[in-house]
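*Asks:* Supplied in structure tokens, the structure appears directly below.
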There are 2 protein chains.
Amino acid sequence: MKSEELYALLRRRGFLWPSAEIYGAAAGLYDYGPLGHAFKRRIEGAWASWFLGLSEDYYRIEPAEILPEAVVRASGHLENFTDPEVTCARCHSSFRAETVLEKVRPAGVDGLSPAEIGKLIEENQVRCPSCGERALELPRPFNLMFGLDWGAAGKERAYLAPETAQASYLAFHRMWDVGRHALPLGIAVIGHAYRNEIAPRQVLFRMRSFTQAELQIFFDPTHFPLPFEEVADESLPVLRASDRANGLSAPRAVTARELVGEGGLPEFYVYHLAQELRFFRDVLGVPPERIRLLEKSDAERAFYNRLQFDVEVSVESLGGFREIGALHYRGDYDLTRHGTATGKELAVTPTNRPRLVPHVLELTFGVDRALWALADLGLEMEGERTLWRLPAHLAPVPVAVFPLLAKPHGEAARALVTTLRAEGIEAQLDDSGTIGKRYARMDEVGTPVCVTVDGETVDPAHPNHGTVTVRARDSKLQERVAIPALPARLARVGRFPRPRAER
Amino acid sequence: MKSEELYALLRRRGFLWPSAEIYGAAAGLYDYGPLGHAFKRRIEGAWASWFLGLSEDYYRIEPAEILPEAVVRASGHLENFTDPEVTCARCHSSFRAETVLEKVRPAGVDGLSPAEIGKLIEENQVRCPSCGERALELPRPFNLMFGLDWGAAGKERAYLAPETAQASYLAFHRMWDVGRHALPLGIAVIGHAYRNEIAPRQVLFRMRSFTQAELQIFFDPTHFPLPFEEVADESLPVLRASDRANGLSAPRAVTARELVGEGGLPEFYVYHLAQELRFFRDVLGVPPERIRLLEKSDAERAFYNRLQFDVEVSVESLGGFREIGALHYRGDYDLTRHGTATGKELAVTPTNRPRLVPHVLELTFGVDRALWALADLGLEMEGERTLWRLPAHLAPVPVAVFPLLAKPHGEAARALVTTLRAEGIEAQLDDSGTIGKRYARMDEVGTPVCVTVDGETVDPAHPNHGTVTVRARDSKLQERVAIPALPARLARVGRFPRPRAER
């Protein structure tokens with residue numbers, strides 16, 4: 001499916017639309033409608049269940065999404081969180097250097113100096129995408145953070161968080177205090193990040209406000225006990241930086257054990273890489289051949305990252321593999337920087353262990369991107385039928401209840417919805433149009449189970465009295481089920497998978 | 001309990017703390033820790049279950065939290081969303097006029113002109129709270145919105161949403177398109193609102209970033225069918241504006257029927273006032289004598305509000321009744337303003353009904369304030385015991401599981417936690433300290449049920465093999481329960497109440 005078709009379908013069904021649409025829309029901002037919000041919450045819940053399920057010592061917090069200037073100065077964002085921007089001397093339009101050089105240099109401009117970018121523009125006679133003139137100036141750094149006038153007099157500066165991670169670093173000392181003084185300690189945040197993208201595009205893939213799910217694991221690099229054997233034989237589709245340097249672009253299947261042995265990666269890193277793969281494959285339901293674990297080279301990754309693999313998914317509507325998540329080994333960079341800036345001692349002494357500044361392993365996940373990718377992957381056309389093959393636990397509407405006819409069966413259907421909701425099952429009523437149309441509507445949004453209340457249900461004389469028709473999305477099989485048996489049967493539909501062994 | 005004691009307890013247990021604390025904190029911003037986040041989500045879930053449960057045509061959306069300038073111009077916020085601010089000519093500190101006049105005029109300064117405020121300062125010889133000099137200047141309007149430099153060149157203006165409501169008005173036309181073309185149509189948002197408060201204070205009661213839960217009901221004022229008889233005999237603790245003008249401050253108990261009859265209020269308004277009361281009393285568990293429905297006078301409410309009652313709760317730590325929610329009848333102000341500003345026709349034609357610009361009834365709820373108020377109301381000291389009498393469905397930890405001894409009973413306890421979670425019950429393990437200390441810890445955060453795994457549980461020869469001790473928070477009663485019977489017994493602990501009859 002093409003990007004435009006997919007976007008049109010998602011708009012039509014009220015999954016999402018551009019923010020402030022009646023005002024001509026605000027570039028880079030989207031509103032999630034009822035189904036989009038429900039779907040997004042499911043993705044967030046699945047992520048939290050999986051990664052917080054890795055340890056009893058991983059916790060979720062909800063920090064403010066504004067950071068004082070001193071924080072982003074210490075973190076390096078004030079200085080470095082910039083994109084090279086080129087401006088046209090003729091028409092004064094501004095563009096990301098990456099965008100104007102897209103055809104010339106598809107790999108992007110990360111790591112290039114302003115002079116090198118200017119040279120590329122010059123040599124390739126790149127024109128202004130807006131007015132068509134050859135008048136693009138030398139690039140200058142454009143800080144992507146949104147600044148705020150802060151404080152009673154509006155004279156201080158604060159910034160919308162450019163990533164959720166910083167709040168976890170700031171919270172570490174207090175989490176340590178209220179916790180049980182042991183490492184690893186995990187702090188998870190699902191929240192907004194804000195970036196003043198020069199050129200928002202590709203709908204949910206480059207937004208100015210987006211949702212990140214991030215887990216920061218604070219650990220002792222000399223002592224990270226974990227059940228590696230559980231993942232040792234897992235086959236990972238990795239594309240190493242060294243292979244990429246040799247021109248390869250297809251991943252190779254390597255076991256976790258091999259990645260540690262011949263691959264030379266630390267056990268703790270590979271363990272989490274395997275858990276990432278399992279999350280994308282087993283929880284989100286991404287076909288394994290569409291997942292790639294791509295290692296970033298020294299030049300590509302941020303200088304404080306000692307290791308970085310992006311979790312990429314092949315997204316047809318966007319023309320190929322795209323980053324949805326990543327695993328960053330940030331060392332002790334963050335706590336050291338904030339410790340220095342504040343003069344606070346952020347080293348800790350775990351029970352029975354030597355004092356240290358903990359290292360950080362960051363698991364990051366783009367919720368909006370995942371939403372788009374899952375829609376891209378799951379939507380199928382079977383003749384006239386649009387079918388969304390979504391794992392049941394991710395469906396925005398897990399169970400739909402139809403009265404065959406609105407009047408005579410409506411009351412019993414509503415009562416059934418109430419009963420199911422009282423049992424914690426998020427059932428939704430749909431009583432408009434023919435049953436065929438209602439099935440089609442639910443197939444399109446991935447609802448795994450539809451339940452129909454009909455004449456037999458409500459007729460005390462009929463042998464099927466008190467039973468309903470239960471229809472499965474993928475097989476289209478239908479069967480009669482007694483109403484009292486329904487809650488137990490449907491209870492697991494919306495339940496999130498968890499890691500095999502919780503520690 | 002005093003405000004400082006309560007705040008200290010909440011900080012100590014990791015419910016919340018000041019944002020960027022290691023940098024000396026950011027005034028008006030708070031981070032929720034693990035228990036605070038879990039508790040906040042419960043309050044949000046309870047709100048959504050209750051108010052979205054009022055109709056199958058009420059939907060939750062998740063809009064962006066940034067608004068382009070044209071939106072806040074049309075809504076009136078650019079011009080009117082201001083607080084009078086006074087600055088000291090000597091030390092240049094700025095204060096809310098309301099703050100410096102707190103003792104002189106406890107009712108606040110709403111509706112007073114700058115000259116009138118200046119006169120009050122002069123007549124009462126009010127001094128600068130910072131340097132103590134009599135040098136406060138005439139007040140000037142200070143816009144409370146946070147502005148952003150927006151767009152590729154950073155030259156456009158956008159604003160952090162000062163309330164979640166505007167996004168619902170902007171979404172109305174699309175929600176109408178994807179819906180079933182009937183009124184009332186409800187759009188709910190739980191999201192952040194941002195205000196550059198001159199003097200953030202009272203912890204969660206005047207923050208710069210806070211969470212609102214708002215339901216905007218779009219309706220036809222000549223035709224709002226609802227089951228009024230269901231609430232007609234409900235007794236409401238109202239304090240009418242006319243009574244307040246006569247110096248009364250205690251509410252009177254008036255039935256919903258009387259409020260419509262002698263009280264002269266519209267049926268649709270009183271119906272929702274009764275549902276607000278039920279939510280605060282029956283869902284949040286606020287004792288009825290601590291709830292007051294306070295009508296705002298013509299001078300106090302915003303000019304576009306035709307009716308406004310605040311839902312106030314008596315919060316001991318803050319010294320009396322405080323606004324937690326409100327019910328605003330905003331007429332057709334919002335859709336008309338946005339229609340005019342955009343040139344878009346925002347009138348609609350419901351099936352079989354005349355064309356109209358829908359009116360809006362706004363139900364608004366301060367999530368952070370509710371969190372504080374519930375902690376204030378529920379925490380009790382019984383000798384050495386701190387007990388939080390919280391409704392079971394709001395408890396951040398609904399079920400705690402204790403191995404009596406960490407080593408011999410730990411495995412069975414962890415297995416039980418896994419089993420309960422697989423059944424959708426959010427159980428949490430606690431294996432540190434004596435059982436008495438663990439009970440105390442759980443009592444303090446309101447956990448309604450604690451389950452202990454002990455030697456009898458794991459001893460195949462013991463008659464109590466396979467059973468656990470279940471202990472209730474309020475009664476402290478303990479009983480042995482067979483593990484297979486636990487999930488059914490605990491399934492309802494975290495379940496939210498819903499309105500009696502869903503329509």
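If you're wondering about the labels, chains in the structure tokens are A, B, ... by order shown, residues count from 1 in each chain, ligands from 1 in order shown.
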Please report as a VMD selection string which residues of chain A come no farther than 7 Å from chain B, using only C-alpha atoms.

*Replies:* chain A and resid 12 to 14 19 to 20 22 to 23 26 29 to 34 37 59 to 64 68 94 146 to 153 170 178 196 to 199 342

*Asks:* Skipping near chain neighbours, those fewer than 4 positions away, what residues fall within 10 Å of segment 300-312 of chain B using only C-alpha atoms, listed as a ChimeraX atom specification?

*Replies:* /B:80,109-111,237-241,265-266,269,273,276-277,280,290-296,320-334,360-365

*Asks:* Now that the selection is made, can you save its residues with C-alpha atoms as an mmCIF file, in the first residue's frame?

*Replies:*
```cif
data_model
loop_
_atom_site.group_PDB
_atom_site.id
_atom_site.type_symbol
_atom_site.label_atom_id
_atom_site.label_comp_id
_atom_site.auth_asym_id
_atom_site.auth_seq_id
_atom_site.Cartn_x
_atom_site.Cartn_y
_atom_site.Cartn_z
ATOM 1 C CA ASN B 80 -7.680 37.493 27.610
ATOM 2 C CA VAL B 109 -9.120 39.952 42.270
ATOM 3 C CA ASP B 110 -11.212 38.449 39.455
ATOM 4 C CA GLY B 111 -13.121 41.191 37.678
ATOM 5 C CA PRO B 237 -24.847 19.951 48.114
ATOM 6 C CA VAL B 238 -25.202 23.229 46.210
ATOM 7 C CA LEU B 239 -24.131 26.716 47.095
ATOM 8 C CA ARG B 240 -25.951 29.048 44.728
ATOM 9 C CA ALA B 241 -24.485 32.375 43.630
ATOM 10 C CA LEU B 265 -31.613 25.232 35.935
ATOM 11 C CA PRO B 266 -31.876 23.210 32.701
ATOM 12 C CA TYR B 269 -27.198 20.719 33.293
ATOM 13 C CA LEU B 273 -24.103 17.985 38.019
ATOM 14 C CA GLU B 276 -20.282 14.809 38.861
ATOM 15 C CA LEU B 277 -21.421 14.354 42.453
ATOM 16 C CA PHE B 280 -16.609 12.348 43.329
ATOM 17 C CA ARG B 290 -16.616 17.274 51.987
ATOM 18 C CA ILE B 291 -18.132 18.010 48.559
ATOM 19 C CA ARG B 292 -19.641 21.370 47.602
ATOM 20 C CA LEU B 293 -21.125 22.378 44.244
ATOM 21 C CA LEU B 294 -20.407 26.086 44.106
ATOM 22 C CA GLU B 295 -22.118 28.280 41.549
ATOM 23 C CA LYS B 296 -20.007 31.056 40.084
ATOM 24 C CA GLY B 320 -10.665 24.367 53.119
ATOM 25 C CA PHE B 321 -12.728 23.881 49.987
ATOM 26 C CA ARG B 322 -10.769 23.832 46.721
ATOM 27 C CA GLU B 323 -11.879 23.475 43.109
ATOM 28 C CA ILE B 324 -11.139 20.035 41.633
ATOM 29 C CA GLY B 325 -13.647 19.976 38.797
ATOM 30 C CA ALA B 326 -16.238 22.151 37.102
ATOM 31 C CA LEU B 327 -19.237 22.033 34.798
ATOM 32 C CA HIS B 328 -19.320 24.798 32.183
ATOM 33 C CA TYR B 329 -22.227 25.495 29.860
ATOM 34 C CA ARG B 330 -20.369 27.345 27.106
ATOM 35 C CA GLY B 331 -23.246 27.751 24.647
ATOM 36 C CA ASP B 332 -22.153 27.929 21.009
ATOM 37 C CA TYR B 333 -19.258 30.308 21.753
ATOM 38 C CA ASP B 334 -16.408 27.989 20.789
ATOM 39 C CA VAL B 360 -21.074 22.724 24.419
ATOM 40 C CA LEU B 361 -21.304 21.383 27.950
ATOM 41 C CA GLU B 362 -17.795 21.056 29.361
ATOM 42 C CA LEU B 363 -16.948 18.691 32.221
ATOM 43 C CA THR B 364 -13.483 19.498 33.456
ATOM 44 C CA PHE B 365 -11.394 17.726 36.080
#
```

*Asks:* Could you tell me, as an mmCIF file with C-alpha atoms, in the first residue's frame, which residues of segment 43-199 of chain B DSSP assigns to strand (DSSP E) when given the backbone?

*Replies:*
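Result file part25.cif:
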```cif
data_model
loop_
_atom_site.group_PDB
_atom_site.id
_atom_site.type_symbol
_atom_site.label_atom_id
_atom_site.label_comp_id
_atom_site.auth_asym_id
_atom_site.auth_seq_id
_atom_site.Cartn_x
_atom_site.Cartn_y
_atom_site.Cartn_z
ATOM 1 C CA TYR B 58 -18.696 9.782 23.830
ATOM 2 C CA TYR B 59 -15.161 9.176 22.551
ATOM 3 C CA ARG B 60 -11.653 9.750 23.773
ATOM 4 C CA ILE B 66 0.602 22.661 20.796
ATOM 5 C CA LEU B 67 -1.738 25.182 19.165
ATOM 6 C CA PRO B 68 -0.925 27.530 16.262
ATOM 7 C CA THR B 82 -3.895 36.950 31.481
ATOM 8 C CA ASP B 83 -3.357 37.492 35.183
ATOM 9 C CA PRO B 84 -2.739 40.920 36.673
ATOM 10 C CA GLU B 85 0.917 41.041 37.675
ATOM 11 C CA VAL B 86 2.533 43.643 39.896
ATOM 12 C CA THR B 87 6.241 44.405 39.855
ATOM 13 C CA SER B 94 7.004 40.177 40.093
ATOM 14 C CA PHE B 95 3.948 38.789 41.830
ATOM 15 C CA ARG B 96 0.378 37.891 41.057
ATOM 16 C CA ARG B 140 -0.262 44.891 33.998
ATOM 17 C CA PRO B 141 -1.699 41.864 32.197
ATOM 18 C CA PHE B 142 0.695 38.932 31.980
ATOM 19 C CA ASN B 143 -0.256 36.298 29.416
ATOM 20 C CA GLY B 147 4.807 30.764 23.386
ATOM 21 C CA LEU B 148 7.103 28.811 21.046
ATOM 22 C CA ASP B 149 9.185 29.871 18.095
ATOM 23 C CA TRP B 150 7.742 27.605 15.477
ATOM 24 C CA GLU B 156 6.040 31.560 13.367
ATOM 25 C CA ARG B 157 4.352 31.440 16.756
ATOM 26 C CA ALA B 158 2.647 28.517 18.432
ATOM 27 C CA TYR B 159 1.584 27.995 22.033
ATOM 28 C CA LEU B 160 1.478 25.172 24.524
ATOM 29 C CA LEU B 185 -21.537 13.812 20.611
ATOM 30 C CA GLY B 186 -18.888 13.747 23.326
ATOM 31 C CA ILE B 187 -15.137 14.288 22.867
ATOM 32 C CA ALA B 188 -12.884 13.570 25.844
ATOM 33 C CA VAL B 189 -9.216 14.404 26.274
ATOM 34 C CA ILE B 190 -6.881 13.542 29.115
ATOM 35 C CA GLY B 191 -3.792 15.595 28.500
ATOM 36 C CA HIS B 192 -1.440 18.343 29.579
ATOM 37 C CA ALA B 193 -2.289 21.999 29.921
ATOM 38 C CA TYR B 194 0.420 24.607 30.408
#
```

*Asks:* Determine, counting only C-alpha atoms, which protein, DNA and RNA residues have an atom within 9 Å of an atom of Ile43 of chain A; residues of the same chain fewer than 2 positions away are not included. Present the result as an MDAnalysis selection string.

*Replies:* chainID A and resid 38:41 45:48 284 367 370:371 393:394

*Asks:* Include N, CA, C and O atoms and write out the residues we just selected as an mmCIF file, in the first residue's frame.

*Replies:*
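Result saved to selection06.cif:
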```cif
data_model
loop_
_atom_site.group_PDB
_atom_site.id
_atom_site.type_symbol
_atom_site.label_atom_id
_atom_site.label_comp_id
_atom_site.auth_asym_id
_atom_site.auth_seq_id
_atom_site.Cartn_x
_atom_site.Cartn_y
_atom_site.Cartn_z
ATOM 1 N N ALA A 38 -6.876 4.514 20.916
ATOM 2 C CA ALA A 38 -6.988 3.176 21.514
ATOM 3 C C ALA A 38 -5.842 2.279 21.051
ATOM 4 O O ALA A 38 -5.240 1.544 21.839
ATOM 5 N N PHE A 39 -5.511 2.364 19.770
ATOM 6 C CA PHE A 39 -4.432 1.552 19.201
ATOM 7 C C PHE A 39 -3.089 1.963 19.816
ATOM 8 O O PHE A 39 -2.285 1.114 20.236
ATOM 9 N N LYS A 40 -2.869 3.260 19.912
ATOM 10 C CA LYS A 40 -1.612 3.765 20.482
ATOM 11 C C LYS A 40 -1.459 3.317 21.932
ATOM 12 O O LYS A 40 -0.379 2.883 22.355
ATOM 13 N N ARG A 41 -2.536 3.375 22.694
ATOM 14 C CA ARG A 41 -2.464 2.914 24.088
ATOM 15 C C ARG A 41 -2.123 1.434 24.173
ATOM 16 O O ARG A 41 -1.429 0.991 25.081
ATOM 17 N N GLY A 45 1.004 -0.068 26.021
ATOM 18 C CA GLY A 45 0.812 -1.087 27.059
ATOM 19 C C GLY A 45 1.630 -2.335 26.772
ATOM 20 O O GLY A 45 2.228 -2.933 27.676
ATOM 21 N N ALA A 46 1.674 -2.718 25.498
ATOM 22 C CA ALA A 46 2.446 -3.912 25.118
ATOM 23 C C ALA A 46 3.928 -3.690 25.399
ATOM 24 O O ALA A 46 4.621 -4.572 25.903
ATOM 25 N N TRP A 47 4.410 -2.489 25.078
ATOM 26 C CA TRP A 47 5.820 -2.155 25.327
ATOM 27 C C TRP A 47 6.123 -2.213 26.824
ATOM 28 O O TRP A 47 7.099 -2.824 27.261
ATOM 29 N N ALA A 48 5.261 -1.562 27.616
ATOM 30 C CA ALA A 48 5.491 -1.512 29.068
ATOM 31 C C ALA A 48 5.442 -2.916 29.672
ATOM 32 O O ALA A 48 6.271 -3.274 30.504
ATOM 33 N N LEU A 284 4.690 -7.367 18.772
ATOM 34 C CA LEU A 284 4.102 -6.511 17.737
ATOM 35 C C LEU A 284 3.693 -7.315 16.510
ATOM 36 O O LEU A 284 2.920 -6.832 15.680
ATOM 37 N N VAL A 367 6.757 5.296 19.366
ATOM 38 C CA VAL A 367 5.396 4.751 19.405
ATOM 39 C C VAL A 367 4.624 5.096 18.132
ATOM 40 O O VAL A 367 3.960 4.237 17.536
ATOM 41 N N ALA A 370 5.856 3.101 15.214
ATOM 42 C CA ALA A 370 5.403 1.715 15.295
ATOM 43 C C ALA A 370 3.950 1.606 14.832
ATOM 44 O O ALA A 370 3.577 0.670 14.123
ATOM 45 N N LEU A 371 3.154 2.586 15.220
ATOM 46 C CA LEU A 371 1.742 2.586 14.839
ATOM 47 C C LEU A 371 1.605 2.586 13.316
ATOM 48 O O LEU A 371 0.872 1.795 12.731
ATOM 49 N N HIS A 393 -4.004 -8.753 20.858
ATOM 50 C CA HIS A 393 -3.760 -7.884 22.004
ATOM 51 C C HIS A 393 -3.456 -6.443 21.606
ATOM 52 O O HIS A 393 -3.327 -5.588 22.465
ATOM 53 N N LEU A 394 -3.312 -6.170 20.301
ATOM 54 C CA LEU A 394 -3.071 -4.798 19.869
ATOM 55 C C LEU A 394 -4.305 -4.142 19.260
ATOM 56 O O LEU A 394 -4.298 -2.944 18.978
#
```
